[in-house]
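Undergrad: Got a file for you: upload_27.cif, mmCIF, C-alpha atoms.
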```cif
data_my_file
#
loop_
_atom_site.label_atom_id
_atom_site.label_comp_id
_atom_site.auth_asym_id
_atom_site.auth_seq_id
_atom_site.Cartn_x
_atom_site.Cartn_y
_atom_site.Cartn_z
CA MET A 104 28.72 -37.53 17.39
CA VAL A 105 24.98 -38.10 17.26
CA GLU A 106 24.45 -35.02 19.37
CA MET A 107 26.56 -32.96 17.01
CA ALA A 108 24.60 -34.25 14.00
CA LEU A 109 21.36 -33.34 15.73
CA GLY A 110 22.59 -29.88 16.59
CA VAL A 111 23.83 -29.20 13.09
CA THR A 112 20.53 -30.40 11.60
CA VAL A 113 18.50 -28.16 13.86
CA PHE A 114 20.82 -25.26 13.13
CA LEU A 115 20.58 -25.82 9.37
CA LEU A 116 16.80 -26.01 9.51
CA ALA A 117 16.63 -22.79 11.51
CA THR A 118 18.97 -21.08 9.05
CA LEU A 119 16.96 -22.25 6.05
CA GLY A 120 13.79 -21.07 7.74
CA ALA A 121 15.34 -17.67 8.32
CA VAL A 122 16.42 -17.46 4.67
CA GLN A 123 12.89 -18.31 3.59
CA LEU A 124 11.52 -15.72 5.98
CA GLY A 125 13.94 -13.09 4.72
CA LEU A 126 13.22 -13.72 1.06
CA THR A 127 9.50 -13.74 1.70
CA ALA A 128 9.81 -10.49 3.60
CA LEU A 129 11.67 -8.89 0.73
CA ALA A 130 9.08 -10.10 -1.74
CA GLU A 131 6.20 -8.92 0.47
CA GLU A 132 7.75 -5.50 0.70
CA GLY A 133 8.33 -5.64 -3.04
CA VAL A 134 4.61 -6.15 -3.49
CA GLN A 135 3.87 -3.09 -1.33
CA THR A 136 6.43 -1.01 -3.19
CA ALA A 137 5.11 -2.14 -6.56
CA THR A 138 1.58 -1.19 -5.53
CA LEU A 139 2.84 2.23 -4.58
CA ALA A 140 4.76 2.62 -7.84
CA GLY A 141 1.79 1.45 -9.88
CA ALA A 142 -0.69 3.68 -8.07
CA ARG A 143 1.56 6.68 -8.42
CA VAL A 144 1.74 6.26 -12.18
CA ALA A 145 -1.89 5.19 -12.66
CA SER A 146 -3.09 8.22 -10.73
CA GLY A 147 -1.23 10.62 -12.97
CA ALA A 148 -3.24 13.41 -14.52
CA LEU A 149 -5.17 12.33 -17.60
CA LEU A 150 -3.74 13.98 -20.63
CA SER A 151 -5.46 12.01 -23.37
CA ALA A 152 -9.01 10.99 -24.17
CA ASN A 153 -8.27 7.30 -23.55
CA PRO A 154 -8.60 6.57 -19.82
CA ALA A 155 -7.14 3.09 -20.26
CA GLY A 156 -3.77 4.53 -21.21
CA THR A 157 -2.94 5.91 -17.79
CA LEU A 158 -4.18 2.78 -16.02
CA MET A 159 -2.08 0.66 -18.35
CA SER A 160 1.01 2.72 -17.56
CA GLY A 161 0.39 2.18 -13.85
CA VAL A 162 -0.03 -1.55 -14.23
CA LEU A 163 3.15 -1.78 -16.28
CA ALA A 164 5.04 0.26 -13.69
CA ALA A 165 3.84 -2.10 -10.97
CA ARG A 166 4.82 -5.13 -13.04
CA SER A 167 8.26 -3.71 -13.68
CA ALA A 168 8.78 -3.08 -9.96
CA LEU A 169 7.47 -6.53 -9.03
CA SER A 170 9.60 -8.41 -11.52
CA SER A 171 12.76 -7.17 -9.92
CA GLU A 172 11.63 -7.71 -6.33
CA VAL A 173 9.96 -11.09 -6.06
CA ALA A 174 13.30 -12.90 -6.45
CA GLY A 175 11.95 -15.54 -8.81
CA MET A 176 9.32 -16.69 -6.34
CA ALA A 177 6.47 -15.68 -8.63
CA THR A 178 5.64 -14.64 -12.15
CA VAL A 179 3.63 -11.52 -12.67
CA GLY A 180 0.44 -11.69 -14.66
CA VAL A 181 -1.29 -8.72 -16.12
CA CYS A 182 -4.82 -8.83 -17.37
CA GLN A 183 -5.74 -12.44 -16.68
CA GLN A 184 -9.15 -12.25 -18.26
CA ALA A 185 -10.18 -11.04 -21.64
CA GLY A 186 -13.22 -8.84 -21.78
CA THR A 187 -14.31 -5.56 -20.44
CA GLY A 188 -12.57 -6.03 -17.11
CA CYS A 189 -9.18 -6.00 -18.72
CA TRP A 190 -7.47 -2.69 -19.28
CA LYS A 191 -6.27 -3.86 -22.69
CA SER A 192 -9.84 -4.22 -23.90
CA LEU A 193 -11.50 -1.63 -21.72
CA TYR A 194 -14.76 -0.30 -23.09
CA CYS A 195 -15.61 3.33 -22.66
CA VAL A 196 -18.87 5.19 -22.63
CA ARG A 197 -19.71 8.86 -22.89
CA TYR A 198 -20.54 10.50 -19.54
CA ARG A 199 -22.70 13.54 -18.95
CA ALA A 200 -22.66 14.93 -15.41
CA GLY A 201 -21.43 11.59 -14.12
CA VAL A 202 -24.16 9.61 -15.91
CA PRO A 203 -23.23 7.15 -18.68
CA GLN A 204 -25.07 7.74 -21.91
CA PRO A 205 -26.63 4.58 -23.40
CA GLY A 206 -25.52 3.57 -26.86
CA THR A 207 -22.20 5.40 -26.74
CA GLU A 208 -19.96 2.45 -25.80
CA GLU A 209 -16.79 1.88 -27.78
CA PRO A 210 -13.30 0.50 -27.14
CA CYS A 211 -11.33 3.00 -25.10
CA ASP A 212 -8.44 3.01 -27.54
CA GLN A 213 -10.85 4.15 -30.26
CA VAL A 214 -12.29 7.06 -28.33
CA PRO A 215 -11.99 10.15 -30.54
CA SER A 216 -9.35 12.47 -29.22
CA GLY A 217 -11.49 15.52 -29.89
CA ALA A 218 -14.44 14.13 -27.96
CA GLY A 219 -15.22 17.35 -26.16
CA SER A 220 -12.98 17.10 -23.13
CA THR A 221 -10.50 14.71 -21.51
CA PHE A 222 -13.21 13.30 -19.26
CA ALA A 223 -15.94 12.99 -21.91
CA PHE A 224 -15.43 9.22 -22.24
CA GLY A 225 -14.83 7.01 -19.22
CA PRO A 226 -14.85 3.30 -18.40
CA ILE A 227 -18.25 1.60 -18.44
CA PRO A 228 -19.83 1.52 -14.93
CA SER A 229 -18.99 -2.15 -14.27
CA ASP A 230 -15.31 -1.27 -14.72
CA LEU A 231 -15.44 1.39 -12.02
CA ASP A 232 -14.54 0.60 -8.42
CA GLY A 233 -17.05 2.79 -6.66
CA PRO A 234 -20.73 3.70 -6.22
CA GLN A 235 -21.28 4.22 -9.96
CA ASN A 236 -20.79 0.46 -10.37
CA PRO A 237 -24.12 -1.37 -9.87
CA ASN A 238 -22.24 -4.06 -7.90
CA CYS A 239 -21.16 -1.55 -5.26
CA HIS A 240 -23.62 -1.45 -2.38
CA GLU A 241 -21.51 0.46 0.14
CA THR A 242 -20.09 3.94 0.33
CA ARG A 243 -16.53 2.68 0.15
CA CYS A 244 -16.19 -0.29 -2.20
CA PHE A 245 -12.92 -1.88 -3.12
CA GLY A 246 -12.49 -4.64 -5.67
CA VAL A 247 -15.97 -4.55 -7.23
CA ALA A 248 -14.80 -3.46 -10.68
CA ALA A 249 -14.74 -6.18 -13.32
CA GLY A 250 -11.02 -5.62 -13.72
CA MET A 251 -10.46 -6.55 -10.07
CA ALA A 252 -11.97 -10.03 -10.44
CA ALA A 253 -8.60 -11.66 -11.04
CA CYS A 254 -7.35 -10.43 -7.68
CA HIS A 255 -10.28 -11.99 -5.78
CA GLY A 256 -9.37 -15.59 -6.50
CA PRO A 257 -7.45 -17.96 -4.22
CA ALA A 258 -3.69 -17.44 -4.13
CA VAL A 259 -1.89 -19.60 -6.67
CA ALA A 260 1.71 -20.54 -5.91
CA GLY A 261 4.15 -18.50 -7.94
CA ARG A 262 1.57 -16.24 -9.51
CA LEU A 263 0.90 -12.56 -8.83
CA VAL A 264 -1.80 -10.52 -10.50
CA ILE A 265 -2.06 -6.75 -10.80
CA CYS A 266 -5.50 -5.15 -10.92
CA ALA A 267 -6.32 -1.49 -11.35
CA ALA A 268 -9.46 0.57 -11.78
CA TYR A 269 -10.76 4.09 -11.42
CA THR A 270 -13.13 4.56 -8.53
CA SER A 271 -15.45 6.90 -10.40
CA TRP A 272 -15.88 8.93 -13.52
CA PRO A 273 -14.83 11.71 -13.75
CA PRO A 274 -11.85 10.15 -11.99
CA ARG A 275 -11.22 10.98 -8.34
CA ALA A 276 -8.98 8.08 -7.37
CA VAL A 277 -7.48 4.84 -8.62
CA ASP A 278 -7.53 1.51 -6.84
CA VAL A 279 -4.53 -0.74 -7.32
CA TRP A 280 -4.52 -4.28 -5.99
CA VAL A 281 -1.65 -6.74 -6.24
CA ALA A 282 -2.54 -10.25 -5.08
CA GLY A 283 -1.31 -13.81 -5.43
CA GLY A 284 1.02 -16.34 -3.90
CA LEU A 285 4.77 -16.76 -3.59
CA ARG A 286 6.46 -20.09 -4.07
CA ALA A 287 8.25 -21.50 -1.01
CA ILE A 288 11.94 -21.93 -1.78
CA VAL A 289 12.70 -24.42 0.97
CA PRO A 290 11.90 -27.84 -0.53
CA TRP A 291 10.80 -29.41 2.72
CA VAL A 292 8.45 -26.56 3.59
CA GLY A 293 7.13 -26.52 0.03
CA SER A 294 6.27 -30.20 0.01
CA ALA A 295 5.02 -30.40 3.57
CA GLY A 296 2.10 -28.08 3.05
CA PRO A 297 2.51 -24.33 3.08
CA GLY A 298 4.03 -24.21 -0.40
CA THR A 299 2.08 -21.06 -1.21
CA ILE A 300 2.69 -17.88 0.71
CA PRO A 301 -0.24 -15.55 0.03
CA VAL A 302 0.63 -11.89 -0.39
CA GLY A 303 -1.41 -8.87 -1.25
CA SER A 304 -1.40 -5.14 -1.21
CA ARG A 305 -4.11 -2.59 -1.87
CA LEU A 306 -3.93 1.13 -2.33
CA ARG A 307 -6.44 3.83 -3.19
CA LEU A 308 -4.81 7.01 -4.36
CA ALA A 309 -6.45 10.25 -5.40
CA VAL A 310 -5.87 11.18 -9.00
CA GLU A 311 -3.38 13.93 -9.58
CA ALA A 312 -5.23 17.03 -10.63
CA PHE A 313 -4.51 19.77 -13.08
CA SER A 314 -6.78 22.74 -12.73
CA MET B 177 24.48 -35.83 26.85
CA LEU B 178 26.17 -32.79 28.27
CA GLU B 179 27.10 -31.65 24.78
CA LEU B 180 23.51 -32.00 23.65
CA ALA B 181 22.31 -30.05 26.64
CA LEU B 182 24.72 -27.28 25.69
CA VAL B 183 24.28 -27.32 21.94
CA LEU B 184 20.49 -27.46 21.75
CA PRO B 185 19.63 -24.35 23.81
CA LEU B 186 22.43 -22.43 22.14
CA THR B 187 21.20 -23.48 18.70
CA LEU B 188 17.67 -22.62 19.63
CA LEU B 189 18.71 -19.18 20.81
CA LEU B 190 20.80 -18.60 17.69
CA GLY B 191 17.92 -19.70 15.48
CA LEU B 192 15.41 -17.54 17.30
CA GLY B 193 17.86 -14.64 17.21
CA SER B 194 18.29 -14.87 13.46
CA VAL B 195 14.53 -15.07 12.99
CA ALA B 196 14.17 -12.01 15.20
CA VAL B 197 16.74 -10.06 13.20
CA VAL B 198 14.91 -10.90 9.99
CA GLN B 199 11.61 -9.92 11.59
CA LEU B 200 13.04 -6.61 12.71
CA ALA B 201 14.41 -5.85 9.25
CA ARG B 202 11.07 -6.81 7.81
CA THR B 203 9.20 -4.59 10.22
CA GLN B 204 11.46 -1.67 9.44
CA MET B 205 10.82 -2.14 5.72
CA ALA B 206 7.09 -2.36 6.37
CA LEU B 207 7.21 0.89 8.34
CA GLU B 208 9.12 2.64 5.55
CA THR B 209 6.59 1.51 2.96
CA ALA B 210 3.66 2.37 5.19
CA SER B 211 4.92 5.89 5.85
CA SER B 212 5.62 6.37 2.18
CA ALA B 213 2.13 5.22 1.16
CA ALA B 214 0.44 7.24 3.88
CA ALA B 215 2.33 10.39 2.95
CA LEU B 216 1.49 9.96 -0.71
CA VAL B 217 -2.19 9.49 0.07
CA ALA B 218 -2.12 12.50 2.38
CA ALA B 219 -0.45 14.71 -0.18
CA ARG B 220 -3.25 14.08 -2.65
CA ALA B 221 -6.03 14.85 -0.19
CA ILE B 222 -8.30 17.80 -0.40
CA ASP B 223 -7.40 19.44 2.92
CA SER B 224 -5.39 18.82 6.06
CA GLN B 225 -8.23 17.10 7.88
CA ARG B 226 -8.88 14.69 5.06
CA ALA B 227 -5.17 14.16 4.56
CA CYS B 228 -4.79 13.01 8.12
CA GLN B 229 -7.86 10.75 7.99
CA GLU B 230 -6.87 9.17 4.70
CA ALA B 231 -3.31 8.62 5.87
CA THR B 232 -4.67 6.85 8.95
CA GLN B 233 -6.97 4.70 6.81
CA GLU B 234 -4.05 3.77 4.60
CA LEU B 235 -2.04 2.78 7.66
CA GLN B 236 -4.91 0.58 8.81
CA VAL B 237 -4.95 -1.18 5.45
CA VAL B 238 -1.19 -1.71 5.57
CA GLU B 239 -1.50 -3.04 9.11
CA GLN B 240 -4.21 -5.51 8.09
CA GLU B 241 -2.12 -6.72 5.18
CA SER B 242 1.07 -7.11 7.18
CA SER B 243 0.21 -10.65 8.35
CA GLY B 244 0.61 -9.65 11.96
CA LEU B 245 3.93 -7.92 11.46
CA LEU B 246 2.50 -4.59 12.54
CA ALA B 247 0.27 -5.67 15.37
CA GLY B 248 -1.32 -3.16 17.65
CA PRO B 249 -3.70 -0.26 17.70
CA ILE B 250 -2.81 2.81 15.70
CA ARG B 251 -2.53 5.78 18.02
CA GLN B 252 -2.30 9.27 16.74
CA LEU B 253 -0.20 11.95 18.34
CA ASN B 254 -1.81 15.21 19.44
CA GLY B 255 -5.03 13.47 20.39
CA GLY B 256 -6.28 13.17 16.85
CA HIS B 257 -5.75 16.77 15.84
CA CYS B 258 -4.71 16.67 12.25
CA VAL B 259 -3.01 19.99 11.97
CA GLY B 260 0.22 20.96 13.57
CA PRO B 261 3.96 20.84 13.40
CA VAL B 262 5.77 17.76 12.17
CA PRO B 263 6.27 15.47 15.16
CA ASP B 264 9.76 14.58 16.22
CA LYS B 265 10.11 10.86 15.78
CA LEU B 266 12.71 10.65 18.49
CA ALA B 267 10.22 12.05 20.96
CA MET B 268 7.40 9.70 20.09
CA PRO B 269 5.91 7.79 23.01
CA THR B 270 7.46 4.44 22.18
CA ALA B 271 10.76 5.93 23.24
CA LEU B 272 9.46 6.58 26.71
CA GLY B 273 8.07 3.27 27.81
CA GLY B 274 9.18 -0.28 27.20
CA GLY B 275 7.17 -3.05 25.67
CA SER B 276 4.56 -0.95 23.94
CA SER B 277 3.31 -2.49 20.74
CA ASP B 278 1.16 0.45 19.74
CA ILE B 279 1.78 1.96 16.36
CA TRP B 280 2.28 5.65 16.88
CA PHE B 281 1.37 7.81 13.97
CA GLY B 282 2.18 11.45 13.53
CA TYR B 283 1.07 13.67 10.73
CA GLY B 284 2.55 17.05 10.13
CA ALA B 285 1.76 19.82 7.75
CA ALA B 286 1.36 23.44 8.51
CA LEU B 287 -2.24 24.35 7.81
CA ASP B 288 -1.14 27.05 5.42
CA SER B 289 0.57 24.53 3.23
CA PHE B 290 -2.87 23.33 2.20
CA CYS B 291 -4.00 26.86 1.37
CA ARG B 292 -3.52 28.27 -2.02
CA ILE B 293 -0.88 30.93 -2.07
CA GLY B 294 -2.45 34.22 -2.90
CA GLY B 295 -5.88 33.69 -1.42
CA PRO B 296 -8.81 31.40 -0.86
CA PRO B 297 -9.51 28.36 -3.06
CA ASP B 298 -10.76 28.88 -6.59
CA ARG B 299 -8.81 32.08 -6.93
CA ALA B 300 -5.28 32.68 -8.04
CA GLY B 301 -2.29 30.81 -6.78
CA LEU B 302 -1.02 27.32 -6.18
CA THR B 303 -0.81 25.12 -3.15
CA ASP B 304 2.69 24.74 -1.90
CA GLY B 305 4.07 22.67 0.93
CA ASP B 306 4.93 19.25 2.23
CA VAL B 307 3.27 16.68 4.37
CA GLU B 308 5.29 14.42 6.58
CA VAL B 309 4.16 11.17 8.09
CA VAL B 310 6.10 9.71 10.98
CA ILE B 311 5.51 6.24 12.40
CA ALA B 312 7.10 4.69 15.44
CA TYR B 313 6.66 1.12 16.62
CA ARG B 314 8.20 -1.19 19.14
CA PRO B 315 7.66 -4.78 18.03
CA ASN B 316 7.12 -7.38 20.66
CA LEU B 317 9.95 -9.92 20.79
CA ASP B 318 8.97 -11.44 24.11
CA TRP B 319 8.67 -14.83 22.42
CA ILE B 320 12.46 -15.08 22.62
CA PRO B 321 13.28 -16.40 26.05
CA VAL B 322 15.57 -14.42 28.34
CA VAL B 323 16.71 -11.76 25.84
CA GLY B 324 13.43 -11.01 24.05
CA ASN B 325 12.49 -7.89 25.93
CA TRP B 326 16.00 -6.56 25.75
CA MET B 327 16.10 -7.10 21.98
CA SER B 328 12.88 -5.17 21.28
CA PRO B 329 14.12 -1.94 19.76
CA ARG B 330 12.11 1.09 18.86
CA LEU B 331 11.68 1.36 15.10
CA SER B 332 10.59 4.45 13.25
CA ALA B 333 10.16 5.71 9.73
CA SER B 334 9.16 8.97 8.14
CA SER B 335 8.31 10.12 4.69
CA VAL B 336 7.79 13.51 3.11
CA GLN B 337 5.65 14.22 0.09
CA LYS B 338 4.95 17.38 -1.85
CA ILE B 339 1.31 18.37 -1.66
CA ASP B 340 -0.35 18.06 -5.05
CA PRO B 341 -0.14 21.70 -6.15
CA PHE B 342 -2.98 21.50 -8.62
CA ARG B 343 -5.58 19.88 -6.40
CA SER B 344 -8.78 21.88 -6.33
CA ARG B 345 -9.64 22.54 -2.72
CA ASP B 346 -13.33 22.19 -2.24
CA PRO B 347 -14.71 25.01 -0.05
CA ALA B 348 -17.69 22.79 0.80
CA GLN B 349 -15.30 20.43 2.54
CA ASP B 350 -13.57 22.93 4.71
CA PRO B 351 -14.08 21.71 8.27
CA THR B 352 -11.88 24.38 9.77
CA GLY B 353 -13.60 27.21 7.96
CA ASP B 354 -10.42 29.05 7.14
CA ASP B 355 -10.74 28.75 3.36
CA CYS B 356 -8.15 26.03 3.25
#
```
With the file now loaded, output its structure as structure tokens.
TA:
Amino acid sequence: MVEMALGVTVFLLATLGAVQLGLTALAEEGVQTATLAGARVASGALLSANPAGTLMSGVLAARSALSSEVAGMATVGVCQQAGTGCWKSLYCVRYRAGVPQPGTEEPCDQVPSGAGSTFAFGPIPSDLDGPQNPNCHETRCFGVAAGMAACHGPAVAGRLVICAAYTSWPPRAVDVWVAGGLRAIVPWVGSAGPGTIPVGSRLRLAVEAFS
Amino acid sequence: MLELALVLPLTLLLGLGSVAVVQLARTQMALETASSAAALVAARAIDSQRACQEATQELQVVEQESSGLLAGPIRQLNGGHCVGPVPDKLAMPTALGGGSSDIWFGYGAALDSFCRIGGPPDRAGLTDGDVEVVIAYRPNLDWIPVVGNWMSPRLSASSVQKIDPFRSRDPAQDPTGDDC
């Protein structure tokens, strides 16, 4: 009888572990898929003067994909920090030949639609994820834009964050980064230590071009 | 005692087997996503050479982020040549030998599909064509005693993307010198 109880317990633990593994796997793939979905939308051709609009659409697409795929193991946060790093309050500046013009900053959603061309106003340099950002000291930076700061932090259980930024202005590519932690669903595993399962996915995708 | 001696190994094998099945399903999903991402990145590239390089870079990122799920060096078919016919995933090297954990990557796009129809870049016409990325992988399940090697199947995934038809091809970045 004791042997049977032992066997059943071991079997149950193995089964629960497999369920946890399976759900985590689904959620991890969900994160990858959401990154893909977000990048695909965020890299769409710019059709308006406001560069934040396309990024915002990408982030929302990623959030929508994530919400349905993380199986309740995390909530999805968008734009954790207020300020210039957040796409909702992105500041834009006028660019000439790839150089930002001092004194021309204004909120991206207030950029005049007839500002010369679609690429006349772009995100301020600290919101770019490439060499135009003073914080980028390599040829291939990822995650240096102010808007990516939320994705740098330690993984918090049950919290995913979506970050997105253009790599340059005029835009050549978008960087999308989904990072955070999933909650462990097995109570014993959750309380014993590894209650947070860190996940993350990054993608750089060239901007769709109309010429 | 005899029952315990019977039940425990059987339970262990069952448990390990179910973990392995989940791992295999997970790996297959990871391959599908990786091929999809790599093909999308490739389709937006400026020419075939870049497309292949960027697809490989994307695969490396996916591999690093897979928490060891895709473990092994990424090997490219055709000795690193980025232009050529779409590889047949059934004929990829993992099918030939057992126990290989290399990630085999094949990129296919006819060179002309990156050319603009109607002439060299910056003249009339649009780019038309597809890129296809094929990945094959044989995960290592040797950690399952007795049946591990037998259970290691060959997994593969492929994804096709339409090349961005409006991408301006930059003649300055034309490594093959054929105006593509």
Undergrad: Write out as a list in words each polymer residue whose atoms come within 12 Å of Gln213 (chain A), counting all atoms listed in the file; drop sequence neighbours fewer than 3 positions from it.
TA: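 The filter keeps Ser151, Ala152, Asn153, Pro154, Ala155, Gly156, Lys191, Ser192, Leu193, Tyr194, Cys195, Val196, Thr207, Glu208, Glu209, Pro210, Ser216, Gly217, Ala218 and Phe224 of chain A.
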Undergrad: Counting all atoms listed in the file, what are the residues of chain B within 8 Å of chain A, and for each of them which pair of atoms is the nearest and at what distance in Å, to one decimal? Sort the table by chain and rising number, as a Markdown table.
TA:
```
| residue | atom | partner | partner_atom | distance |
| --- | --- | --- | --- | --- |
| B:Met177 | CA | A:Glu106 | CA | 7.5 |
| B:Glu179 | CA | A:Glu106 | CA | 6.9 |
| B:Leu180 | CA | A:Glu106 | CA | 5.3 |
| B:Val183 | CA | A:Gly110 | CA | 6.2 |
| B:Leu184 | CA | A:Gly110 | CA | 6.1 |
| B:Thr187 | CA | A:Phe114 | CA | 5.9 |
| B:Leu188 | CA | A:Phe114 | CA | 7.7 |
| B:Gly191 | CA | A:Ala117 | CA | 5.2 |
| B:Leu192 | CA | A:Ala117 | CA | 7.9 |
| B:Ser194 | CA | A:Ala121 | CA | 6.6 |
| B:Val195 | CA | A:Ala121 | CA | 5.4 |
| B:Val198 | CA | A:Gly125 | CA | 5.8 |
| B:Gln199 | CA | A:Gly125 | CA | 7.9 |
| B:Arg202 | CA | A:Ala128 | CA | 5.7 |
| B:Met205 | CA | A:Glu132 | CA | 6.8 |
| B:Ala206 | CA | A:Glu132 | CA | 6.5 |
| B:Thr209 | CA | A:Thr136 | CA | 6.6 |
| B:Ala213 | CA | A:Leu139 | CA | 6.5 |
| B:Leu216 | CA | A:Leu308 | CA | 7.9 |
| B:Val217 | CA | A:Leu308 | CA | 5.7 |
| B:Arg220 | CA | A:Ala309 | CA | 5.7 |
| B:Ala221 | CA | A:Ala309 | CA | 7.0 |
| B:Glu234 | CA | A:Leu306 | CA | 7.4 |
| B:Val237 | CA | A:Arg305 | CA | 7.5 |
| B:Val238 | CA | A:Ser304 | CA | 7.6 |
| B:Glu241 | CA | A:Ser304 | CA | 6.6 |
| B:Asp340 | CA | A:Glu311 | CA | 6.8 |
| B:Phe342 | CA | A:Phe313 | CA | 5.0 |
| B:Arg343 | CA | A:Ala312 | CA | 5.1 |
| B:Ser344 | CA | A:Ser314 | CA | 6.8 |
```
Undergrad: May I have the residues from that selection written out with C-alpha atoms, as a CSV table (one decimal), in the coordinates of the input?
TA:
```csv
chain,number,residue,atom,x,y,z
B,177,MET,CA,24.5,-35.8,26.8
B,179,GLU,CA,27.1,-31.6,24.8
B,180,LEU,CA,23.5,-32.0,23.6
B,183,VAL,CA,24.3,-27.3,21.9
B,184,LEU,CA,20.5,-27.5,21.8
B,187,THR,CA,21.2,-23.5,18.7
B,188,LEU,CA,17.7,-22.6,19.6
B,191,GLY,CA,17.9,-19.7,15.5
B,192,LEU,CA,15.4,-17.5,17.3
B,194,SER,CA,18.3,-14.9,13.5
B,195,VAL,CA,14.5,-15.1,13.0
B,198,VAL,CA,14.9,-10.9,10.0
B,199,GLN,CA,11.6,-9.9,11.6
B,202,ARG,CA,11.1,-6.8,7.8
B,205,MET,CA,10.8,-2.1,5.7
B,206,ALA,CA,7.1,-2.4,6.4
B,209,THR,CA,6.6,1.5,3.0
B,213,ALA,CA,2.1,5.2,1.2
B,216,LEU,CA,1.5,10.0,-0.7
B,217,VAL,CA,-2.2,9.5,0.1
B,220,ARG,CA,-3.2,14.1,-2.6
B,221,ALA,CA,-6.0,14.8,-0.2
B,234,GLU,CA,-4.0,3.8,4.6
B,237,VAL,CA,-5.0,-1.2,5.4
B,238,VAL,CA,-1.2,-1.7,5.6
B,241,GLU,CA,-2.1,-6.7,5.2
B,340,ASP,CA,-0.4,18.1,-5.0
B,342,PHE,CA,-3.0,21.5,-8.6
B,343,ARG,CA,-5.6,19.9,-6.4
B,344,SER,CA,-8.8,21.9,-6.3
```
Undergrad: Please, what distance in Å, to one decimal, runs between CA of His255 (chain A) and CA of Thr232 (chain B)?
TA: 24.6 Å
Undergrad: Between CA of Ile250 (chain B) and CA of Ala214 (chain B), what is the distance, to one decimal in Å?
TA: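 Distance between the two atoms: 13.0 Å.
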Undergrad: Find the distance between CA of Gly261 (chain A) and CA of Met176 (chain A) and write it in Å to one decimal.
TA: 5.7 Å
Undergrad: Name all residues at most 7 Å from Ala177 (chain A) (count only C-alpha atoms; drop same-chain ones fewer than 5 positions away) and give them as a ChimeraX atom specification.
TA: /A:261-263,285-286
Undergrad: Can you turn the PyMOL selection byres ((chain A and resi 166) around 8) into a concrete residue list for this file, as a list in words?
TA: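 Applied to this file, the PyMOL selection byres ((chain A and resi 166) around 8) selects Ala137, Gly141, Val162, Leu163, Ala164, Ala165, Ser167, Ala168, Leu169, Ser170, Val179, Val181 and Ile265 of chain A.
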Undergrad: Using all atoms listed in the file for the distances, tell me which of B:Leu186, B:Ala215, B:Trp319, B:Ala181 is nearest to Ile339 (chain B).
TA: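 The closest residue to Ile339 (chain B) is B:Ala215.
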Undergrad: Could you check which of B:Pro249, B:Leu317, B:Val307, B:Gly244 is closest to Asp223 (chain B), using all atoms listed in the file?
TA: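 Between B:Pro249, B:Leu317, B:Val307, B:Gly244, the residue approaching Asp223 (chain B) most closely is B:Val307.
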Undergrad: Box in all listed atoms of region 182-199 of chain B, axis-aligned, with 4 Å more on each side; write out centre and edge lengths in Å to one decimal as AutoDock Vina command-line options.
TA:
```
--center_x 18.2 --center_y -18.7 --center_z 17.8 --size_x 21.1 --size_y 25.5 --size_z 23.7
```
Undergrad: Check the smallest atom-to-atom distance from each of B:Asn316, B:Gln252, B:Ser224, B:Ser242 to Ala210 (chain B) using all atoms listed in the file, then report the winner.
TA: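 Closest to Ala210 (chain B) of all the choices is B:Ser242.
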